[in-house]
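Notes to accompany the following structure.
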Amino acid sequence: MTRRFFVGGNYKMNGTKESIQNILSHMNTATLPSQEVVDVIVSPPSIYLTLAQGLVNPRIKVAAQNCHSNASGAFTGEISVGMCKDIGLEWVIIGHSERRKVFGESDEFIAKKVKAVIDGGLSVIFCIGEQLSDRQSGKTNDVIAQQLSAVLTSVPNWTRVVIAYEPVWAIGTGVVATPQQAQDAHKFIRSWLSSNVSAAVAGDTRVIYGGSVSASNCAELSKETDIDGFLVGGASLVAADFVTIVSTAHPKSSL
Ligand code: 13P
């Protein structure tokens with residue numbers, strides 16, 4: 001068995017109708033490795049999700065950057081899983097460190113969202129990662145374990161989860177984790193899955209890396225045994241760079 005590579009572009013709060021159209025038309029015509037080799041996902045701001053969904057060819061999927069755990073109601077500014085499904089999305093990013101830090105989302109709220117997305121029939125790009133101070137005090141694995149434990153009982157089906165390891169100190173800083181640092185964290189995540197879920201889930205679940213991934217550093221990272229792809233911020237807004245990153249696809253054996 002092989003874990004298909006997975007590359008997502010998280011546009012965060014960036015882009016315009018015109019710039020998103022330009023990126024997506026470039027990607028639609030680019031030569032990408034086949035669907036069997038790599039999943040390609042783009043995640044524009046929610047106001048542009050319908051636009052993107054209408055533009056991308058079927059090779060490329062669109063993800064929401066966030067959604068609420070409730071099905072509907074008085075939650076001004078939010079979108080629901082049902083709405084994502086209604087416009088044909090298959091993926092939602094949950095637990096991004098900016099949601100955790102800037103918007104104060106708790107582990108508990110994130111767990112509810114993960115459950116809502118999976119119960120709603122969509123799949124989750126579940127983000128975890130330590131702060132610089134955690135790493136400096138040797139707590140990286142503790143933080144990762146705690147963030148994973150928080151969703152353990154909320155995941156009925158791990159085939160619907162991709163785990164994005166995004167060390168906070170590497171996000172938007174230009175300071176990318178070294179291949180060894182990323183590999184160590186990914187290996188730990190896989191061993192956590194093996195101990196807490198099952199060996200099969202540990203072998204099959206994609207664990208992708210995010211944090212200052214670029215066209216020039218992706219090739220080295222992609223070779224690591226436990227790195228199954230990338231969640232890309234800034235570089236996903238430059239279509240040619242994102243295509244280069246997608247093209248480093250390097251599926252790994254799940255055995
Ligand atoms: P950058 O690639 O801009 O560091 O962002 C990473 C990220 O947060 C993707 O979700």
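Here's how to read the names in the structure tokens: chain A, B, ... by the order shown, residue numbers from 1 in each chain, ligand numbers from 1 in the order shown.
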Would you kindly return, as a PDB file with N, CA, C and O atoms, in the first residue's frame, each protein, DNA or RNA residue with an atom no farther than 9 Å from any atom of range 142-149 of chain A, considering only C-alpha atoms and excluding same-chain residues fewer than 2 positions away?
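Saved file around26.pdb follows:
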```
ATOM      1  N   ASP A 107      -9.028  23.435  22.090  1.00  0.00           N
ATOM      2  CA  ASP A 107      -8.971  22.037  21.648  1.00  0.00           C
ATOM      3  C   ASP A 107     -10.379  21.440  21.585  1.00  0.00           C
ATOM      4  O   ASP A 107     -10.687  20.657  20.689  1.00  0.00           O
ATOM      5  N   CYS A 127      -4.823  20.524  11.688  1.00  0.00           N
ATOM      6  CA  CYS A 127      -3.514  21.155  11.908  1.00  0.00           C
ATOM      7  C   CYS A 127      -3.095  21.108  13.379  1.00  0.00           C
ATOM      8  O   CYS A 127      -3.896  21.405  14.276  1.00  0.00           O
ATOM      9  N   ILE A 128      -1.839  20.771  13.571  1.00  0.00           N
ATOM     10  CA  ILE A 128      -1.250  20.778  14.912  1.00  0.00           C
ATOM     11  C   ILE A 128       0.169  21.339  14.820  1.00  0.00           C
ATOM     12  O   ILE A 128       0.716  21.442  13.713  1.00  0.00           O
ATOM     13  N   GLY A 129       0.738  21.664  15.947  1.00  0.00           N
ATOM     14  CA  GLY A 129       2.131  22.129  15.927  1.00  0.00           C
ATOM     15  C   GLY A 129       2.458  22.948  17.153  1.00  0.00           C
ATOM     16  O   GLY A 129       1.579  23.577  17.745  1.00  0.00           O
ATOM     17  N   GLU A 130       3.736  22.919  17.492  1.00  0.00           N
ATOM     18  CA  GLU A 130       4.179  23.583  18.717  1.00  0.00           C
ATOM     19  C   GLU A 130       4.636  25.018  18.464  1.00  0.00           C
ATOM     20  O   GLU A 130       5.024  25.377  17.361  1.00  0.00           O
ATOM     21  N   GLN A 131       4.615  25.793  19.539  1.00  0.00           N
ATOM     22  CA  GLN A 131       5.175  27.155  19.503  1.00  0.00           C
ATOM     23  C   GLN A 131       6.693  27.051  19.684  1.00  0.00           C
ATOM     24  O   GLN A 131       7.191  26.034  20.167  1.00  0.00           O
ATOM     25  N   ASP A 134       7.723  26.052  23.135  1.00  0.00           N
ATOM     26  CA  ASP A 134       7.551  24.621  23.409  1.00  0.00           C
ATOM     27  C   ASP A 134       8.774  23.853  22.919  1.00  0.00           C
ATOM     28  O   ASP A 134       9.302  22.983  23.606  1.00  0.00           O
ATOM     29  N   GLY A 138      11.824  21.717  24.989  1.00  0.00           N
ATOM     30  CA  GLY A 138      11.796  20.262  24.800  1.00  0.00           C
ATOM     31  C   GLY A 138      10.408  19.658  24.894  1.00  0.00           C
ATOM     32  O   GLY A 138      10.261  18.467  25.161  1.00  0.00           O
ATOM     33  N   LYS A 139       9.361  20.488  24.648  1.00  0.00           N
ATOM     34  CA  LYS A 139       7.995  19.979  24.820  1.00  0.00           C
ATOM     35  C   LYS A 139       7.267  19.695  23.506  1.00  0.00           C
ATOM     36  O   LYS A 139       6.045  19.524  23.487  1.00  0.00           O
ATOM     37  N   THR A 140       7.997  19.670  22.404  1.00  0.00           N
ATOM     38  CA  THR A 140       7.341  19.493  21.097  1.00  0.00           C
ATOM     39  C   THR A 140       6.424  18.267  21.076  1.00  0.00           C
ATOM     40  O   THR A 140       5.243  18.378  20.733  1.00  0.00           O
ATOM     41  N   VAL A 151      -8.579  15.247  19.902  1.00  0.00           N
ATOM     42  CA  VAL A 151      -9.550  14.865  18.863  1.00  0.00           C
ATOM     43  C   VAL A 151      -9.772  13.347  18.786  1.00  0.00           C
ATOM     44  O   VAL A 151     -10.570  12.882  17.972  1.00  0.00           O
ATOM     45  N   LEU A 152      -9.069  12.622  19.622  1.00  0.00           N
ATOM     46  CA  LEU A 152      -9.088  11.146  19.494  1.00  0.00           C
ATOM     47  C   LEU A 152     -10.498  10.566  19.441  1.00  0.00           C
ATOM     48  O   LEU A 152     -10.811   9.765  18.567  1.00  0.00           O
ATOM     49  N   THR A 153     -11.344  11.011  20.355  1.00  0.00           N
ATOM     50  CA  THR A 153     -12.698  10.423  20.377  1.00  0.00           C
ATOM     51  C   THR A 153     -13.646  11.105  19.389  1.00  0.00           C
ATOM     52  O   THR A 153     -14.803  10.731  19.279  1.00  0.00           O
ATOM     53  N   TYR A 165       1.243  18.859  10.172  1.00  0.00           N
ATOM     54  CA  TYR A 165       2.160  19.310  11.235  1.00  0.00           C
ATOM     55  C   TYR A 165       2.730  20.650  10.809  1.00  0.00           C
ATOM     56  O   TYR A 165       3.454  20.734   9.806  1.00  0.00           O
ATOM     57  N   ALA A 185       9.178  14.917  13.956  1.00  0.00           N
ATOM     58  CA  ALA A 185       7.818  15.200  14.431  1.00  0.00           C
ATOM     59  C   ALA A 185       6.812  14.281  13.741  1.00  0.00           C
ATOM     60  O   ALA A 185       5.896  13.752  14.385  1.00  0.00           O
ATOM     61  N   PHE A 188       6.969  10.876  15.156  1.00  0.00           N
ATOM     62  CA  PHE A 188       6.319  10.837  16.466  1.00  0.00           C
ATOM     63  C   PHE A 188       4.792  10.768  16.299  1.00  0.00           C
ATOM     64  O   PHE A 188       4.111  10.001  17.000  1.00  0.00           O
ATOM     65  N   ILE A 189       4.263  11.547  15.363  1.00  0.00           N
ATOM     66  CA  ILE A 189       2.800  11.536  15.119  1.00  0.00           C
ATOM     67  C   ILE A 189       2.359  10.132  14.699  1.00  0.00           C
ATOM     68  O   ILE A 189       1.361   9.596  15.187  1.00  0.00           O
ATOM     69  N   TRP A 192       2.404   7.899  17.666  1.00  0.00           N
ATOM     70  CA  TRP A 192       1.250   8.202  18.517  1.00  0.00           C
ATOM     71  C   TRP A 192       0.000   7.518  17.958  1.00  0.00           C
ATOM     72  O   TRP A 192      -0.784   6.908  18.702  1.00  0.00           O
ATOM     73  N   LEU A 193      -0.187   7.603  16.640  1.00  0.00           N
ATOM     74  CA  LEU A 193      -1.352   6.956  16.011  1.00  0.00           C
ATOM     75  C   LEU A 193      -1.301   5.443  16.229  1.00  0.00           C
ATOM     76  O   LEU A 193      -2.314   4.811  16.514  1.00  0.00           O
ATOM     77  N   ASN A 196      -2.210   4.822  19.916  1.00  0.00           N
ATOM     78  CA  ASN A 196      -3.521   5.274  20.397  1.00  0.00           C
ATOM     79  C   ASN A 196      -4.686   4.923  19.480  1.00  0.00           C
ATOM     80  O   ASN A 196      -5.839   5.001  19.906  1.00  0.00           O
TER      81      ASN A 196
END
```
Q: Write as a ChimeraX atom specification the residues around ligand 1, taking 10 Å as the cut-off and counting only C-alpha atoms and all ligand atoms.
A: /A:8-12,43,65,93,95-98,125,127,164-176,209-214,230-237
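Minimum atom-to-atom distance to Lys61 in chain A, evaluated using only C-alpha atoms, belongs to A:Glu90 out of A:Glu36, A:Asp184, A:Glu90, A:Asp226.
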Please build the interface table for range 148-193 of chain A against range 215-223 of chain A with a cut-off of 9 Å, listing for each qualifying residue the nearest atom pair and the distance in Å to one decimal; count only C-alpha atoms, order rows by chain and increasing number, and write it as a tab-separated table.
```
residue	atom	partner	partner_atom	distance
A:Val176	CA	A:Asn217	CA	8.2
A:Ala177	CA	A:Leu221	CA	9.0
A:Thr178	CA	A:Leu221	CA	7.7
A:Pro179	CA	A:Leu221	CA	5.0
A:Gln180	CA	A:Leu221	CA	8.5
A:Ala182	CA	A:Leu221	CA	7.8
A:Gln183	CA	A:Leu221	CA	8.2
```
**Q.** Distance query Asp204 in chain A at most 10 Å, only C-alpha atoms, self and fewer than 4 positions along chain excluded, as a list in words
**A.** Met1, Thr2, Arg3, Arg4, Trp158, Thr159, Val162, Arg190, Ala199, Ala200, Lys252, Ser253, Ser254 and Leu255 of chain A
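Counting only C-alpha atoms and comparing A:Leu132, A:Ile208, A:Val124, A:Ile245, the residue that lies closest to Met27 in chain A is A:Ile245.
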What are the DSSP strand (DSSP E) residues of range 23-140 of chain A, as a PDB file with N, CA and C atoms, in the first residue's frame?
```pdb
ATOM      1  N   VAL A  38      -0.716  12.228  -6.335  1.00  0.00           N
ATOM      2  CA  VAL A  38      -0.834  13.372  -5.421  1.00  0.00           C
ATOM      3  C   VAL A  38      -2.243  13.986  -5.452  1.00  0.00           C
ATOM      4  N   ASP A  39      -2.776  14.235  -4.269  1.00  0.00           N
ATOM      5  CA  ASP A  39      -4.001  15.034  -4.133  1.00  0.00           C
ATOM      6  C   ASP A  39      -3.602  16.503  -4.127  1.00  0.00           C
ATOM      7  N   VAL A  40      -4.321  17.323  -4.879  1.00  0.00           N
ATOM      8  CA  VAL A  40      -4.016  18.760  -4.943  1.00  0.00           C
ATOM      9  C   VAL A  40      -5.241  19.534  -4.472  1.00  0.00           C
ATOM     10  N   ILE A  41      -5.020  20.369  -3.475  1.00  0.00           N
ATOM     11  CA  ILE A  41      -6.133  21.092  -2.849  1.00  0.00           C
ATOM     12  C   ILE A  41      -5.798  22.589  -2.779  1.00  0.00           C
ATOM     13  N   VAL A  42      -6.767  23.433  -3.078  1.00  0.00           N
ATOM     14  CA  VAL A  42      -6.565  24.874  -2.877  1.00  0.00           C
ATOM     15  C   VAL A  42      -7.624  25.382  -1.909  1.00  0.00           C
ATOM     16  N   SER A  43      -7.233  26.328  -1.074  1.00  0.00           N
ATOM     17  CA  SER A  43      -8.157  26.798  -0.046  1.00  0.00           C
ATOM     18  C   SER A  43      -8.189  28.328   0.009  1.00  0.00           C
ATOM     19  N   ILE A  60      -8.275  19.094  -9.295  1.00  0.00           N
ATOM     20  CA  ILE A  60      -7.935  19.948  -8.152  1.00  0.00           C
ATOM     21  C   ILE A  60      -9.183  20.084  -7.275  1.00  0.00           C
ATOM     22  N   LYS A  61      -8.992  19.925  -5.960  1.00  0.00           N
ATOM     23  CA  LYS A  61     -10.127  20.057  -5.046  1.00  0.00           C
ATOM     24  C   LYS A  61     -10.006  21.366  -4.274  1.00  0.00           C
ATOM     25  N   VAL A  62     -11.154  21.823  -3.776  1.00  0.00           N
ATOM     26  CA  VAL A  62     -11.188  23.095  -3.039  1.00  0.00           C
ATOM     27  C   VAL A  62     -11.541  22.797  -1.587  1.00  0.00           C
ATOM     28  N   ALA A  63     -10.851  23.451  -0.671  1.00  0.00           N
ATOM     29  CA  ALA A  63     -11.109  23.268   0.761  1.00  0.00           C
ATOM     30  C   ALA A  63     -11.504  24.585   1.407  1.00  0.00           C
ATOM     31  N   ALA A  64     -12.402  24.516   2.388  1.00  0.00           N
ATOM     32  CA  ALA A  64     -12.673  25.694   3.221  1.00  0.00           C
ATOM     33  C   ALA A  64     -11.549  25.795   4.261  1.00  0.00           C
ATOM     34  N   TRP A  91     -13.212  19.051   1.396  1.00  0.00           N
ATOM     35  CA  TRP A  91     -12.215  19.209   2.458  1.00  0.00           C
ATOM     36  C   TRP A  91     -12.439  20.478   3.256  1.00  0.00           C
ATOM     37  N   VAL A  92     -12.100  20.419   4.543  1.00  0.00           N
ATOM     38  CA  VAL A  92     -12.091  21.621   5.391  1.00  0.00           C
ATOM     39  C   VAL A  92     -10.816  21.586   6.247  1.00  0.00           C
ATOM     40  N   ILE A  93     -10.126  22.719   6.324  1.00  0.00           N
ATOM     41  CA  ILE A  93      -8.978  22.840   7.231  1.00  0.00           C
ATOM     42  C   ILE A  93      -9.535  23.154   8.621  1.00  0.00           C
ATOM     43  N   ILE A  94      -9.102  22.398   9.613  1.00  0.00           N
ATOM     44  CA  ILE A  94      -9.553  22.660  10.987  1.00  0.00           C
ATOM     45  C   ILE A  94      -8.341  22.748  11.916  1.00  0.00           C
ATOM     46  N   SER A 123     -13.930  15.652   4.521  1.00  0.00           N
ATOM     47  CA  SER A 123     -12.654  15.258   5.108  1.00  0.00           C
ATOM     48  C   SER A 123     -11.948  16.467   5.704  1.00  0.00           C
ATOM     49  N   VAL A 124     -11.041  16.181   6.639  1.00  0.00           N
ATOM     50  CA  VAL A 124     -10.422  17.239   7.439  1.00  0.00           C
ATOM     51  C   VAL A 124      -8.921  17.296   7.207  1.00  0.00           C
ATOM     52  N   ILE A 125      -8.415  18.490   7.041  1.00  0.00           N
ATOM     53  CA  ILE A 125      -6.974  18.726   7.152  1.00  0.00           C
ATOM     54  C   ILE A 125      -6.802  19.287   8.564  1.00  0.00           C
ATOM     55  N   PHE A 126      -6.334  18.427   9.449  1.00  0.00           N
ATOM     56  CA  PHE A 126      -6.287  18.767  10.877  1.00  0.00           C
ATOM     57  C   PHE A 126      -4.882  19.264  11.230  1.00  0.00           C
ATOM     58  N   CYS A 127      -4.823  20.524  11.688  1.00  0.00           N
ATOM     59  CA  CYS A 127      -3.514  21.155  11.908  1.00  0.00           C
ATOM     60  C   CYS A 127      -3.095  21.108  13.379  1.00  0.00           C
ATOM     61  N   ILE A 128      -1.839  20.771  13.571  1.00  0.00           N
ATOM     62  CA  ILE A 128      -1.250  20.778  14.912  1.00  0.00           C
ATOM     63  C   ILE A 128       0.169  21.339  14.820  1.00  0.00           C
TER      64      ILE A 128
END
```
Q: Could you find all residues in range 69-233 of chain A that DSSP calls alpha helix (DSSP H) from the backbone, and write them as a ChimeraX atom specification?
A: /A:81-86,97-101,107-119,132-136,140-149,179-196,199-204,218-222
